[in-house]
file my_file.cif (mmCIF, C-alpha atoms)
data_final
loop_
_atom_site.label_atom_id
_atom_site.label_comp_id
_atom_site.auth_asym_id
_atom_site.auth_seq_id
_atom_site.Cartn_x
_atom_site.Cartn_y
_atom_site.Cartn_z
CA MET I 17 -16.57 -26.25 -17.41
CA GLU I 18 -19.73 -24.80 -15.92
CA VAL I 19 -19.50 -22.33 -13.08
CA PRO I 20 -21.85 -23.31 -10.23
CA ILE I 21 -24.54 -20.83 -9.25
CA PRO I 22 -23.87 -19.49 -5.74
CA LEU I 23 -26.52 -20.84 -3.41
CA CYS I 24 -26.27 -17.72 -1.25
CA MET I 25 -28.19 -15.82 -3.96
CA LYS I 26 -32.00 -15.71 -3.79
CA ILE I 27 -33.28 -17.73 -6.74
CA PRO I 28 -36.03 -16.07 -8.83
CA VAL I 29 -39.14 -18.04 -9.74
CA SER I 30 -40.36 -16.68 -13.08
CA THR I 31 -38.91 -16.33 -16.58
CA PHE I 32 -38.58 -12.57 -16.11
CA GLU I 33 -36.85 -13.07 -12.79
CA ALA I 34 -34.56 -15.69 -14.32
CA THR I 35 -33.51 -13.12 -16.93
CA ARG I 36 -32.70 -10.66 -14.19
CA PHE I 37 -30.82 -13.40 -12.38
CA GLN I 38 -28.65 -13.93 -15.47
CA LEU I 39 -27.94 -10.20 -15.56
CA SER I 40 -26.96 -10.28 -11.88
CA CYS I 41 -24.60 -13.20 -12.29
CA LYS I 42 -22.99 -11.52 -15.30
CA ARG I 43 -22.42 -8.35 -13.27
CA ASN I 44 -20.82 -10.44 -10.50
CA GLY I 45 -18.35 -12.15 -12.84
CA TYR I 46 -20.23 -15.32 -13.82
CA ASP I 47 -20.50 -16.36 -17.45
CA ASN I 48 -24.01 -15.88 -18.80
CA ARG I 49 -23.66 -19.16 -20.73
CA SER I 50 -23.03 -21.17 -17.57
CA PHE I 51 -26.70 -21.37 -16.66
CA SER I 52 -30.19 -21.04 -18.11
CA PRO I 53 -33.66 -20.14 -16.86
CA MET I 54 -34.41 -23.86 -16.71
CA ARG I 55 -31.50 -24.42 -14.32
CA VAL I 56 -32.75 -21.55 -12.22
CA TRP I 57 -36.24 -23.03 -12.11
CA GLN I 58 -34.81 -26.48 -11.33
CA ALA I 59 -32.77 -25.01 -8.48
CA LYS I 60 -35.95 -23.52 -7.10
CA GLN I 61 -37.72 -26.88 -7.37
CA ASP I 62 -34.83 -28.52 -5.50
CA GLY I 63 -35.39 -26.21 -2.56
CA ASN I 64 -32.35 -23.99 -2.99
CA GLY I 65 -34.34 -20.79 -3.61
CA SER I 66 -36.73 -18.67 -1.63
CA SER I 67 -40.11 -17.28 -2.54
CA LEU I 68 -40.83 -13.61 -3.09
CA GLY I 69 -43.63 -11.45 -1.86
CA ASP I 70 -46.55 -10.46 -4.05
CA ASN I 71 -46.13 -6.69 -3.88
CA CYS I 72 -42.45 -6.07 -3.08
CA MET I 73 -39.59 -7.50 -5.06
CA ASP I 74 -36.79 -8.91 -2.85
CA CYS I 75 -33.75 -8.04 -4.95
CA GLY I 76 -31.07 -8.01 -2.29
CA TRP I 77 -29.07 -10.58 -4.24
CA ILE I 78 -28.49 -8.16 -7.13
CA ALA I 79 -27.68 -5.11 -5.00
CA PRO I 80 -23.97 -5.78 -4.42
CA GLY I 81 -23.32 -6.25 -8.13
CA LEU I 82 -25.07 -3.02 -9.07
CA SER I 83 -23.30 -0.83 -6.54
CA ARG I 84 -19.88 -2.45 -6.97
CA LYS I 85 -19.84 -2.47 -10.78
CA CYS I 86 -21.30 1.07 -11.10
CA LEU I 87 -23.61 0.37 -14.04
CA PRO I 88 -26.13 3.22 -13.96
CA HIS I 89 -27.81 2.49 -17.31
CA GLU I 90 -28.33 -1.18 -16.48
CA ALA I 91 -29.56 -0.13 -13.04
CA GLU I 92 -32.13 2.22 -14.55
CA GLU I 93 -33.32 -0.45 -16.98
CA PHE I 94 -33.52 -2.95 -14.13
CA LEU I 95 -35.64 -0.58 -12.04
CA LEU I 96 -38.04 0.15 -14.92
CA LYS I 97 -38.55 -3.56 -15.63
CA ILE I 98 -39.35 -4.29 -12.02
CA ARG I 99 -41.91 -1.53 -11.81
CA SER I 100 -43.43 -2.39 -15.19
CA GLU I 101 -44.22 -5.82 -13.75
CA GLY I 102 -46.14 -4.15 -10.94
CA PHE I 103 -43.60 -4.82 -8.21
CA GLY I 104 -42.18 -2.42 -5.66
CA CYS I 105 -38.53 -2.40 -4.54
CA ASP I 106 -37.21 -3.36 -1.15
CA MET I 107 -34.68 -1.29 0.83
CA SER I 108 -31.59 -3.19 -0.37
CA THR I 109 -32.51 -2.63 -4.03
CA LEU I 110 -33.22 1.08 -3.59
CA SER I 111 -29.98 1.51 -1.63
CA ALA I 112 -27.96 -0.30 -4.30
CA LEU I 113 -29.48 1.77 -7.09
CA MET I 114 -28.89 5.00 -5.17
CA LEU I 115 -25.23 4.18 -4.50
CA CYS I 116 -24.81 3.02 -8.11
CA TYR I 117 -25.94 6.45 -9.31
CA ALA I 118 -23.85 8.28 -6.71
CA ASN I 119 -20.71 6.29 -7.57
CA SER I 120 -21.23 7.24 -11.22
CA ARG I 121 -21.60 10.92 -10.22
CA LEU I 122 -25.26 10.92 -11.32
CA LEU I 123 -26.23 12.78 -8.17
CA SER I 124 -29.60 14.07 -9.33
CA GLU I 125 -30.75 10.48 -10.04
CA ALA I 126 -29.37 9.39 -6.66
CA GLN I 127 -31.31 12.22 -5.03
CA VAL I 128 -34.56 10.94 -6.61
CA ILE I 129 -33.98 7.49 -5.10
CA TRP I 130 -33.10 9.05 -1.74
CA ASP I 131 -36.32 11.06 -1.73
CA GLU I 132 -38.24 7.86 -2.47
CA ILE I 133 -36.61 6.13 0.49
CA LEU I 134 -37.51 9.03 2.76
CA SER I 135 -41.14 9.03 1.62
CA SER I 136 -41.44 5.27 2.12
CA SER I 137 -41.67 3.25 5.31
CA PHE I 138 -38.10 2.03 4.94
CA ALA I 139 -35.56 3.09 7.55
CA PRO I 140 -32.18 3.99 5.99
CA SER I 141 -29.23 2.29 7.65
CA VAL I 142 -26.15 4.08 8.96
CA PRO I 143 -23.69 2.37 6.52
CA ILE I 144 -25.84 3.31 3.51
CA VAL I 145 -26.28 6.92 4.62
CA SER I 146 -22.60 7.18 5.56
CA GLU I 147 -21.49 5.95 2.15
CA LEU I 148 -23.89 8.35 0.44
CA ILE I 149 -22.54 11.24 2.53
CA TYR I 150 -19.00 10.23 1.60
CA LEU I 151 -19.82 10.17 -2.11
CA TYR I 152 -21.53 13.57 -1.92
CA ALA I 153 -18.60 15.00 0.05
CA THR I 154 -15.96 13.66 -2.35
CA ALA I 155 -17.92 15.21 -5.22
CA GLY I 156 -17.88 18.57 -3.43
CA HIS I 157 -21.65 18.76 -2.82
CA PHE I 158 -21.38 19.78 0.82
CA ASP I 159 -24.65 21.72 0.81
CA THR I 160 -26.43 18.51 -0.17
CA VAL I 161 -24.75 16.70 2.73
CA ILE I 162 -26.09 19.27 5.19
CA ARG I 163 -29.59 19.02 3.71
CA LEU I 164 -29.38 15.22 3.92
CA LEU I 165 -28.57 15.44 7.64
CA GLN I 166 -31.57 17.65 8.22
CA GLN I 167 -33.78 15.09 6.47
CA ILE I 168 -32.34 12.29 8.61
CA ARG I 169 -33.17 14.33 11.69
CA LEU I 170 -36.85 14.27 10.73
CA LYS I 171 -36.81 10.64 9.56
CA ASN I 172 -34.86 8.87 12.30
CA TYR I 173 -33.38 11.00 15.08
CA ASN I 174 -31.48 8.07 16.66
CA LEU I 175 -29.21 7.70 13.63
CA LEU I 176 -27.83 11.23 13.95
CA PRO I 177 -24.86 10.62 16.33
CA ASP I 178 -23.29 8.04 14.00
CA ILE I 179 -24.18 10.06 10.91
CA PHE I 180 -22.62 13.22 12.37
CA ALA I 181 -19.42 11.35 13.20
CA GLN I 182 -19.22 10.02 9.64
CA THR I 183 -19.93 13.45 8.16
CA ILE I 184 -17.21 15.13 10.21
CA SER I 185 -14.81 12.42 9.08
CA CYS I 186 -15.78 12.95 5.42
CA PHE I 187 -15.21 16.70 5.63
CA GLY I 188 -11.95 16.23 7.51
CA LYS I 189 -10.51 13.85 4.93
CA ARG I 190 -11.26 16.44 2.26
CA GLY I 191 -9.60 19.21 4.27
CA GLU I 192 -12.89 21.11 4.58
CA LEU I 193 -12.16 22.38 8.08
CA GLU I 194 -14.82 25.11 8.05
CA LEU I 195 -17.56 22.68 7.10
CA MET I 196 -16.24 20.29 9.73
CA GLU I 197 -16.65 23.08 12.31
CA ILE I 198 -20.20 23.73 11.09
CA MET I 199 -21.09 20.07 11.54
CA LEU I 200 -19.56 20.03 15.01
CA LYS I 201 -21.57 23.08 16.06
CA GLU I 202 -24.72 21.56 14.56
CA MET I 203 -24.02 18.34 16.43
CA LYS I 204 -23.62 20.15 19.75
CA SER I 205 -26.71 22.32 19.13
CA MET I 206 -28.78 19.13 18.90
CA GLY I 207 -27.51 18.00 22.27
CA PHE I 208 -25.08 15.33 21.12
CA SER I 209 -21.72 15.03 22.84
CA VAL I 210 -18.44 14.52 21.01
CA ASP I 211 -16.95 11.08 21.65
CA SER I 212 -13.26 10.21 21.82
CA VAL I 213 -13.02 8.96 18.23
CA THR I 214 -14.55 12.11 16.75
CA GLY I 215 -12.59 14.43 19.05
CA ASN I 216 -9.26 12.84 18.19
CA ALA I 217 -10.10 12.76 14.48
CA PHE I 218 -10.89 16.48 14.70
CA VAL I 219 -7.38 17.18 16.01
CA ILE I 220 -5.78 14.89 13.41
CA TYR I 221 -7.43 16.70 10.49
CA TYR I 222 -6.35 20.08 11.82
CA SER I 223 -2.78 18.81 12.17
CA ILE I 224 -2.83 17.68 8.52
CA PHE I 225 -4.67 20.54 6.82
CA GLY I 226 -4.55 23.43 9.30
CA SER I 227 -1.85 25.74 10.56
CA VAL I 228 0.05 25.07 13.77
CA ALA I 229 -2.01 27.72 15.57
CA GLU I 230 -5.29 26.13 14.41
CA MET I 231 -4.01 22.71 15.41
CA GLU I 232 -3.06 23.92 18.88
CA ASP I 233 -6.50 25.52 19.29
CA ALA I 234 -8.17 22.23 18.33
CA TYR I 235 -6.02 20.38 20.86
CA ALA I 236 -6.87 22.92 23.56
CA ARG I 237 -10.57 22.34 22.89
CA LEU I 238 -10.00 18.59 23.10
CA ARG I 239 -8.36 18.98 26.51
CA SER I 240 -11.13 21.26 27.76
CA SER I 241 -13.69 18.60 26.84
CA ARG I 242 -11.74 16.12 29.02
CA ILE I 243 -11.19 13.70 26.16
CA LEU I 244 -7.90 11.83 26.31
CA ILE I 245 -5.72 12.33 23.26
CA GLU I 246 -4.87 8.98 21.69
CA GLU I 247 -1.69 7.69 20.03
CA GLU I 248 -2.72 8.45 16.45
CA ALA I 249 -3.52 12.06 17.33
CA ILE I 250 -0.25 12.39 19.28
CA ARG I 251 1.67 11.23 16.22
CA ALA I 252 -0.25 13.57 13.93
CA LEU I 253 0.45 16.63 16.09
CA SER I 254 4.08 15.64 16.54
CA SER I 255 4.53 15.25 12.77
CA ALA I 256 3.05 18.73 12.27
CA TYR I 257 5.56 20.25 14.70
CA ILE I 258 8.40 18.35 13.02
CA ARG I 259 7.35 19.55 9.55
CA GLU I 260 7.54 23.12 10.78
CA ARG I 261 10.84 22.39 12.62
CA LYS I 262 9.25 23.54 15.89
CA PHE I 263 11.12 21.14 18.17
CA TYR I 264 10.81 23.31 21.26
CA SER I 265 7.02 23.34 20.79
CA LEU I 266 7.14 19.57 20.28
CA GLY I 267 8.82 19.14 23.66
CA LYS I 268 6.26 21.40 25.36
CA PHE I 269 3.40 19.48 23.74
CA VAL I 270 4.77 16.15 24.97
CA GLU I 271 5.14 17.51 28.50
CA ASN I 272 1.59 18.82 28.32
CA VAL I 273 0.25 15.39 27.31
CA GLY I 274 2.09 13.83 30.24
CA LEU I 275 5.29 11.79 30.16
CA GLY I 276 3.90 9.44 32.78
CA ARG I 277 1.34 7.89 30.43
CA ARG I 278 2.05 4.22 29.84
CA ASN I 279 -0.74 3.25 27.44
CA VAL I 280 1.30 4.58 24.48
CA GLY I 281 4.53 2.85 25.45
CA ASN I 282 7.71 4.88 25.04
CA LEU I 283 6.22 7.15 22.36
CA LEU I 284 6.07 10.30 24.50
CA TRP I 285 9.57 9.87 25.93
CA ASN I 286 10.96 9.11 22.46
CA LEU I 287 9.36 12.29 21.11
CA MET I 288 10.89 14.27 23.96
CA LEU I 289 14.33 12.83 23.19
CA LEU I 290 13.77 13.50 19.50
CA SER I 291 13.00 17.17 20.16
CA TYR I 292 16.48 17.55 21.69
CA ALA I 293 18.35 15.21 19.32
CA ALA I 294 17.05 17.03 16.21
CA ASN I 295 18.54 20.28 17.57
CA PHE I 296 21.69 18.46 18.78
CA LYS I 297 21.18 19.58 22.39
CA MET I 298 23.30 16.74 23.69
CA LYS I 299 23.30 17.61 27.41
CA SER I 300 19.51 17.92 27.45
CA LEU I 301 19.26 14.68 25.48
CA GLN I 302 21.34 12.80 28.05
CA ARG I 303 19.48 14.38 30.96
CA GLU I 304 16.06 13.39 29.60
CA PHE I 305 17.29 9.86 28.90
CA VAL I 306 18.31 9.51 32.54
CA ARG I 307 14.93 10.88 33.63
CA MET I 308 13.20 8.32 31.43
CA VAL I 309 15.05 5.43 33.06
CA GLU I 310 14.46 6.83 36.55
CA ALA I 311 10.73 7.11 35.79
CA GLY I 312 10.61 3.36 35.27
CA PHE I 313 10.46 3.27 31.48
CA HIS I 314 12.62 0.79 29.59
CA PRO I 315 14.41 2.22 26.52
CA ASP I 316 13.48 0.46 23.29
CA LEU I 317 15.19 0.28 19.91
CA THR I 318 13.80 3.63 18.79
CA THR I 319 15.04 5.26 22.02
CA PHE I 320 18.58 4.01 21.47
CA ASN I 321 18.59 4.88 17.77
CA ILE I 322 17.51 8.47 18.43
CA ARG I 323 20.59 8.88 20.64
CA ALA I 324 22.80 6.92 18.20
CA LEU I 325 21.80 9.18 15.30
CA ALA I 326 22.69 12.27 17.30
CA PHE I 327 26.01 10.79 18.45
CA SER I 328 26.86 9.69 14.90
CA LYS I 329 26.13 13.08 13.34
CA MET I 330 28.18 14.80 16.04
CA SER I 331 31.02 12.22 15.71
CA LEU I 332 30.81 11.39 19.43
CA PHE I 333 32.43 7.94 19.14
CA TRP I 334 32.74 7.27 22.86
CA ASP I 335 29.08 8.03 23.53
CA LEU I 336 28.07 5.95 20.50
CA HIS I 337 29.97 2.90 21.75
CA VAL I 338 28.64 3.30 25.29
CA SER I 339 25.11 3.40 23.84
CA LEU I 340 25.79 0.19 21.89
CA GLU I 341 27.02 -1.51 25.05
CA HIS I 342 23.91 -0.33 26.87
CA MET I 343 21.77 -1.83 24.10
CA LYS I 344 23.58 -5.14 24.44
CA HIS I 345 23.13 -5.08 28.21
CA LYS I 346 19.37 -4.47 27.82
CA SER I 347 19.10 -7.22 25.14
CA VAL I 348 17.91 -4.71 22.53
CA ILE I 349 18.76 -6.04 19.07
CA PRO I 350 20.14 -3.36 16.70
CA ASP I 351 18.60 -2.78 13.28
CA LEU I 352 19.65 -1.16 10.01
CA VAL I 353 19.58 2.33 11.56
CA THR I 354 21.94 1.30 14.37
CA TYR I 355 24.49 -0.17 11.96
CA GLY I 356 24.11 2.88 9.77
CA CYS I 357 25.01 5.17 12.66
CA VAL I 358 28.28 3.29 13.22
CA VAL I 359 29.19 3.08 9.51
CA ASP I 360 28.37 6.73 8.79
CA ALA I 361 30.25 8.01 11.84
CA TYR I 362 33.50 6.28 10.83
CA LEU I 363 33.23 7.04 7.12
CA GLU I 364 32.49 10.70 7.82
CA ARG I 365 35.82 10.97 9.65
CA ARG I 366 37.59 8.77 7.06
CA LEU I 367 38.31 6.10 9.65
CA VAL I 368 37.57 3.10 7.41
CA ARG I 369 40.38 1.04 8.95
CA ASN I 370 38.82 1.46 12.39
CA LEU I 371 35.37 0.46 11.18
CA GLU I 372 36.15 -3.25 11.29
CA PHE I 373 37.16 -2.93 14.94
CA ALA I 374 33.91 -1.15 15.74
CA LEU I 375 31.80 -3.77 13.95
CA ASP I 376 33.55 -6.75 15.60
CA LYS I 377 31.27 -6.40 18.62
CA MET I 378 28.15 -6.43 16.45
CA SER I 379 26.49 -9.37 14.67
CA ILE I 380 27.10 -8.29 11.10
CA ASN I 381 26.10 -11.72 9.73
CA ASP I 382 22.53 -11.32 10.97
CA CYS I 383 19.73 -10.70 8.50
CA VAL I 384 18.72 -7.08 8.09
CA VAL I 385 15.72 -5.76 10.02
CA MET I 386 14.18 -2.27 10.16
CA LEU I 387 12.17 -1.64 13.34
CA THR I 388 12.80 2.04 14.13
CA ASP I 389 9.76 4.30 14.36
CA GLU I 390 9.31 6.20 11.08
CA ILE I 391 8.74 9.50 12.88
CA VAL I 392 12.47 9.56 13.71
CA PHE I 393 13.31 9.96 10.00
CA GLU I 394 10.87 12.86 9.69
CA ALA I 395 12.95 14.78 12.20
CA MET I 396 16.50 13.58 11.53
CA GLY I 397 16.37 12.10 8.05
CA LYS I 398 18.03 8.89 6.93
CA GLY I 399 21.74 8.31 7.14
CA ASP I 400 23.95 7.75 4.11
CA PHE I 401 24.29 4.01 4.74
CA HIS I 402 20.54 3.64 5.37
CA SER I 403 19.69 5.40 2.11
CA SER I 404 22.17 3.37 0.05
CA ALA I 405 20.90 0.11 1.59
CA GLU I 406 17.28 0.64 0.54
CA PRO I 407 17.67 -0.18 -3.20
CA PRO I 408 19.33 -3.59 -2.55
CA LEU I 409 16.69 -4.41 0.07
CA GLU I 410 13.97 -3.75 -2.51
CA PHE I 411 15.66 -6.10 -4.97
CA LYS I 412 13.23 -9.04 -5.15
CA SER I 413 15.64 -11.73 -6.35
CA LYS I 414 17.44 -11.66 -3.00
CA ARG I 415 15.56 -11.24 0.25
CA ASN I 416 17.78 -12.34 3.12
CA TRP I 417 20.41 -9.62 3.04
CA THR I 418 22.92 -9.47 5.88
CA TYR I 419 24.47 -6.35 7.33
CA LYS I 420 27.90 -7.52 6.17
CA GLU I 421 26.76 -7.69 2.54
CA LEU I 422 25.18 -4.25 2.64
CA ILE I 423 28.26 -2.74 4.29
CA GLU I 424 30.52 -4.23 1.61
CA ILE I 425 28.31 -2.79 -1.14
CA HIS I 426 28.30 0.60 0.55
CA LEU I 427 32.10 0.63 0.96
CA LYS I 428 32.54 -0.21 -2.72
CA LYS I 429 30.26 2.68 -3.67
CA LYS I 430 32.25 5.04 -1.47
CA TYR I 431 35.55 3.82 -2.90
CA ARG I 432 34.35 4.28 -6.48
CA SER I 433 33.00 7.76 -5.79
CA ASN I 434 36.32 8.79 -4.23
CA GLN I 435 38.24 7.34 -7.18
CA ALA I 436 36.05 9.25 -9.62
CA PHE I 437 36.62 12.44 -7.66
CA TRP I 438 40.41 12.13 -7.63
CA ASN I 439 40.56 11.06 -11.28
CA TYR I 440 38.54 14.09 -12.23
#
call {"tool": "encode", "arguments": {"input": "my_file.cif", "output": "structure tokens"}}
result
Amino acid sequence: MEVPIPLCMKIPVSTFEATRFQLSCKRNGYDNRSFSPMRVWQAKQDGNGSSLGDNCMDCGWIAPGLSRKCLPHEAEEFLLKIRSEGFGCDMSTLSALMLCYANSRLLSEAQVIWDEILSSSFAPSVPIVSELIYLYATAGHFDTVIRLLQQIRLKNYNLLPDIFAQTISCFGKRGELELMEIMLKEMKSMGFSVDSVTGNAFVIYYSIFGSVAEMEDAYARLRSSRILIEEEAIRALSSAYIRERKFYSLGKFVENVGLGRRNVGNLLWNLMLLSYAANFKMKSLQREFVRMVEAGFHPDLTTFNIRALAFSKMSLFWDLHVSLEHMKHKSVIPDLVTYGCVVDAYLERRLVRNLEFALDKMSINDCVVMLTDEIVFEAMGKGDFHSSAEPPLEFKSKRNWTYKELIEIHLKKKYRSNQAFWNY
């Protein structure tokens, strides 16, 4: 069965171009035997192709295959054949060849193509330059990235804001915080302002790769620039505090951001509650929960599960049951974490006979769901029931597990472990 030639490709008009067309289709996954130069010529005669200029070869149709397949030797041969025929290359071809070399870590060859683009009348696009910067940065050639930015400044000044943002992102992903600072200073020295996306990304990278002190300094600079910290950055900073077990600092950070913000939902209030629950400061936890409700925020599943985890670990059965009743009153459906809090609390105190009474008020025949914010587990970990339930849930042959089935499996495991202990 013959594979049809995609009509979206530009159809070449000579025997040499037909040969190159075969090479392109082969690179893009088409069988070389599925077509011939005659078919190509016939397609052109039928009006499916497009003519080419006399001096510049329009090879945009082959560019994606070259850059995606990373075939530097074929790319070099392709370029030599084009030029031996007396044709020049358009911007898409040069860009594809340059990225093909860069992807193959042939950076000196990529630099030659880049210099040719700069010396020509072609204007490099932001996506092409951004990808080239990323490839140079991932290869560790940061000095080349800086030189490339200086060349862009002379070639097309208007591209610099987007290029700077991409460069800062490249350095940040690599953990090169010093080079990221250099780019930021260079950006400001040229009169460009830092936008919200770049400012928040700056804080995120410091929270991942920097110390807590460096992260806090980056956040202070963000605030001084009057840029609003967004949800992703809030999560990144909070995770950094949690990793260092600095829950008091987490609470102060959340207060500093402002608990009244509503564009991030209950995230800030949940983080405040988490800072107390992780240290088992139960009175402060209850007080902040009341403040949250009085401020007009509606507790969600994560809010209730933060409290339930603290109550379960502290074996506060009355508070746990009151929280479950509150959830029912607010029509908040419990998830795996909620059931785990109940099961773990009773098993920890060896009250297995009372567990059935506690679960009677819950819908144990419902299918299992997991909707709690993952940041809760970073601070408080996963309960015993939650951890033991994960392997069955990942078992592909059965998907619709119920809480009752998982509880029965967990109780059998506990019984067997106790039997093994006493037999030993």
call {"tool": "resolve_selection", "arguments": {"input": "my_file.cif", "expression": "the PyMOL selection byres ((chain I and resi 332) around 12)", "output": "PDB file with C-alpha atoms, keeping the file's coordinate frame"}}
result
ATOM      1  CA  PHE I 296      21.690  18.460  18.780  1.00  0.00           C
ATOM      2  CA  MET I 298      23.300  16.740  23.690  1.00  0.00           C
ATOM      3  CA  ARG I 323      20.590   8.880  20.640  1.00  0.00           C
ATOM      4  CA  ALA I 324      22.800   6.920  18.200  1.00  0.00           C
ATOM      5  CA  LEU I 325      21.800   9.180  15.300  1.00  0.00           C
ATOM      6  CA  ALA I 326      22.690  12.270  17.300  1.00  0.00           C
ATOM      7  CA  PHE I 327      26.010  10.790  18.450  1.00  0.00           C
ATOM      8  CA  SER I 328      26.860   9.690  14.900  1.00  0.00           C
ATOM      9  CA  LYS I 329      26.130  13.080  13.340  1.00  0.00           C
ATOM     10  CA  MET I 330      28.180  14.800  16.040  1.00  0.00           C
ATOM     11  CA  SER I 331      31.020  12.220  15.710  1.00  0.00           C
ATOM     12  CA  PHE I 333      32.430   7.940  19.140  1.00  0.00           C
ATOM     13  CA  TRP I 334      32.740   7.270  22.860  1.00  0.00           C
ATOM     14  CA  ASP I 335      29.080   8.030  23.530  1.00  0.00           C
ATOM     15  CA  LEU I 336      28.070   5.950  20.500  1.00  0.00           C
ATOM     16  CA  HIS I 337      29.970   2.900  21.750  1.00  0.00           C
ATOM     17  CA  VAL I 338      28.640   3.300  25.290  1.00  0.00           C
ATOM     18  CA  SER I 339      25.110   3.400  23.840  1.00  0.00           C
ATOM     19  CA  CYS I 357      25.010   5.170  12.660  1.00  0.00           C
ATOM     20  CA  VAL I 358      28.280   3.290  13.220  1.00  0.00           C
ATOM     21  CA  ASP I 360      28.370   6.730   8.790  1.00  0.00           C
ATOM     22  CA  ALA I 361      30.250   8.010  11.840  1.00  0.00           C
ATOM     23  CA  TYR I 362      33.500   6.280  10.830  1.00  0.00           C
ATOM     24  CA  GLU I 364      32.490  10.700   7.820  1.00  0.00           C
ATOM     25  CA  ARG I 365      35.820  10.970   9.650  1.00  0.00           C
TER      26      ARG I 365
END
call {"tool": "residues_near_point", "arguments": {"input": "my_file.cif", "point": "(20.3, -10.5, 8.7)", "cutoff": "12 Å", "atoms": "all atoms listed in the file", "output": "compact mmCIF listing (two decimals) with C-alpha atoms, in the frame of the given file"}}
result
# COMPACT_ATOMS: atom_id res chain seq x y z
CA ILE I 349 18.76 -6.04 19.07
CA PRO I 350 20.14 -3.36 16.70
CA ASP I 351 18.60 -2.78 13.28
CA LEU I 352 19.65 -1.16 10.01
CA TYR I 355 24.49 -0.17 11.96
CA MET I 378 28.15 -6.43 16.45
CA SER I 379 26.49 -9.37 14.67
CA ILE I 380 27.10 -8.29 11.10
CA ASN I 381 26.10 -11.72 9.73
CA ASP I 382 22.53 -11.32 10.97
CA CYS I 383 19.73 -10.70 8.50
CA VAL I 384 18.72 -7.08 8.09
CA VAL I 385 15.72 -5.76 10.02
CA MET I 386 14.18 -2.27 10.16
CA LEU I 409 16.69 -4.41 0.07
CA ARG I 415 15.56 -11.24 0.25
CA ASN I 416 17.78 -12.34 3.12
CA TRP I 417 20.41 -9.62 3.04
CA THR I 418 22.92 -9.47 5.88
CA TYR I 419 24.47 -6.35 7.33
CA LYS I 420 27.90 -7.52 6.17
CA GLU I 421 26.76 -7.69 2.54
CA LEU I 422 25.18 -4.25 2.64
CA ILE I 423 28.26 -2.74 4.29
call {"tool": "resolve_selection", "arguments": {"input": "my_file.cif", "expression": "the PyMOL selection byres ((chain I and resi 246) around 10)", "output": "compact mmCIF listing (two decimals) with C-alpha atoms, in the coordinates of the input"}}
result
# COMPACT_ATOMS: atom_id res chain seq x y z
CA SER I 212 -13.26 10.21 21.82
CA VAL I 213 -13.02 8.96 18.23
CA GLY I 215 -12.59 14.43 19.05
CA ASN I 216 -9.26 12.84 18.19
CA ALA I 217 -10.10 12.76 14.48
CA ILE I 243 -11.19 13.70 26.16
CA LEU I 244 -7.90 11.83 26.31
CA ILE I 245 -5.72 12.33 23.26
CA GLU I 247 -1.69 7.69 20.03
CA GLU I 248 -2.72 8.45 16.45
CA ALA I 249 -3.52 12.06 17.33
CA ILE I 250 -0.25 12.39 19.28
CA ARG I 251 1.67 11.23 16.22
CA VAL I 273 0.25 15.39 27.31
CA ASN I 279 -0.74 3.25 27.44
CA VAL I 280 1.30 4.58 24.48
call {"tool": "resolve_selection", "arguments": {"input": "my_file.cif", "expression": "the PyMOL selection byres ((chain I and resi 290) around 9)", "output": "number ranges by chain"}}
result
I: 263, 267, 285-289, 291-295, 301, 319, 322-323, 392, 395-396
call {"tool": "atom_distance", "arguments": {"input": "my_file.cif", "atom1": "atom CA of I:Ser135", "atom2": "atom CA of I:Arg163"}}
result
15.4 Å
call {"tool": "atom_distance", "arguments": {"input": "my_file.cif", "atom1": "atom CA of I:Phe373", "atom2": "atom CA of I:Lys344"}}
result
16.7 Å
call {"tool": "atom_distance", "arguments": {"input": "my_file.cif", "atom1": "atom CA of I:Leu115", "atom2": "atom CA of I:Asn174"}}
result
22.4 Å
call {"tool": "closest_residue", "arguments": {"input": "my_file.cif", "among": "I:Glu132, I:Asp389, I:Asp211, I:Glu147", "to": "I:Asn119", "atoms": "all atoms listed in the file"}}
result
I:Glu147
call {"tool": "residues_near_point", "arguments": {"input": "my_file.cif", "point": "(-24.0, 16.1, 3.1)", "cutoff": "12 Å", "atoms": "all atoms listed in the file", "output": "PyMOL selection string"}}
result
chain I and resi 123+127+145-168+179-180+182-187+195-196+198-199
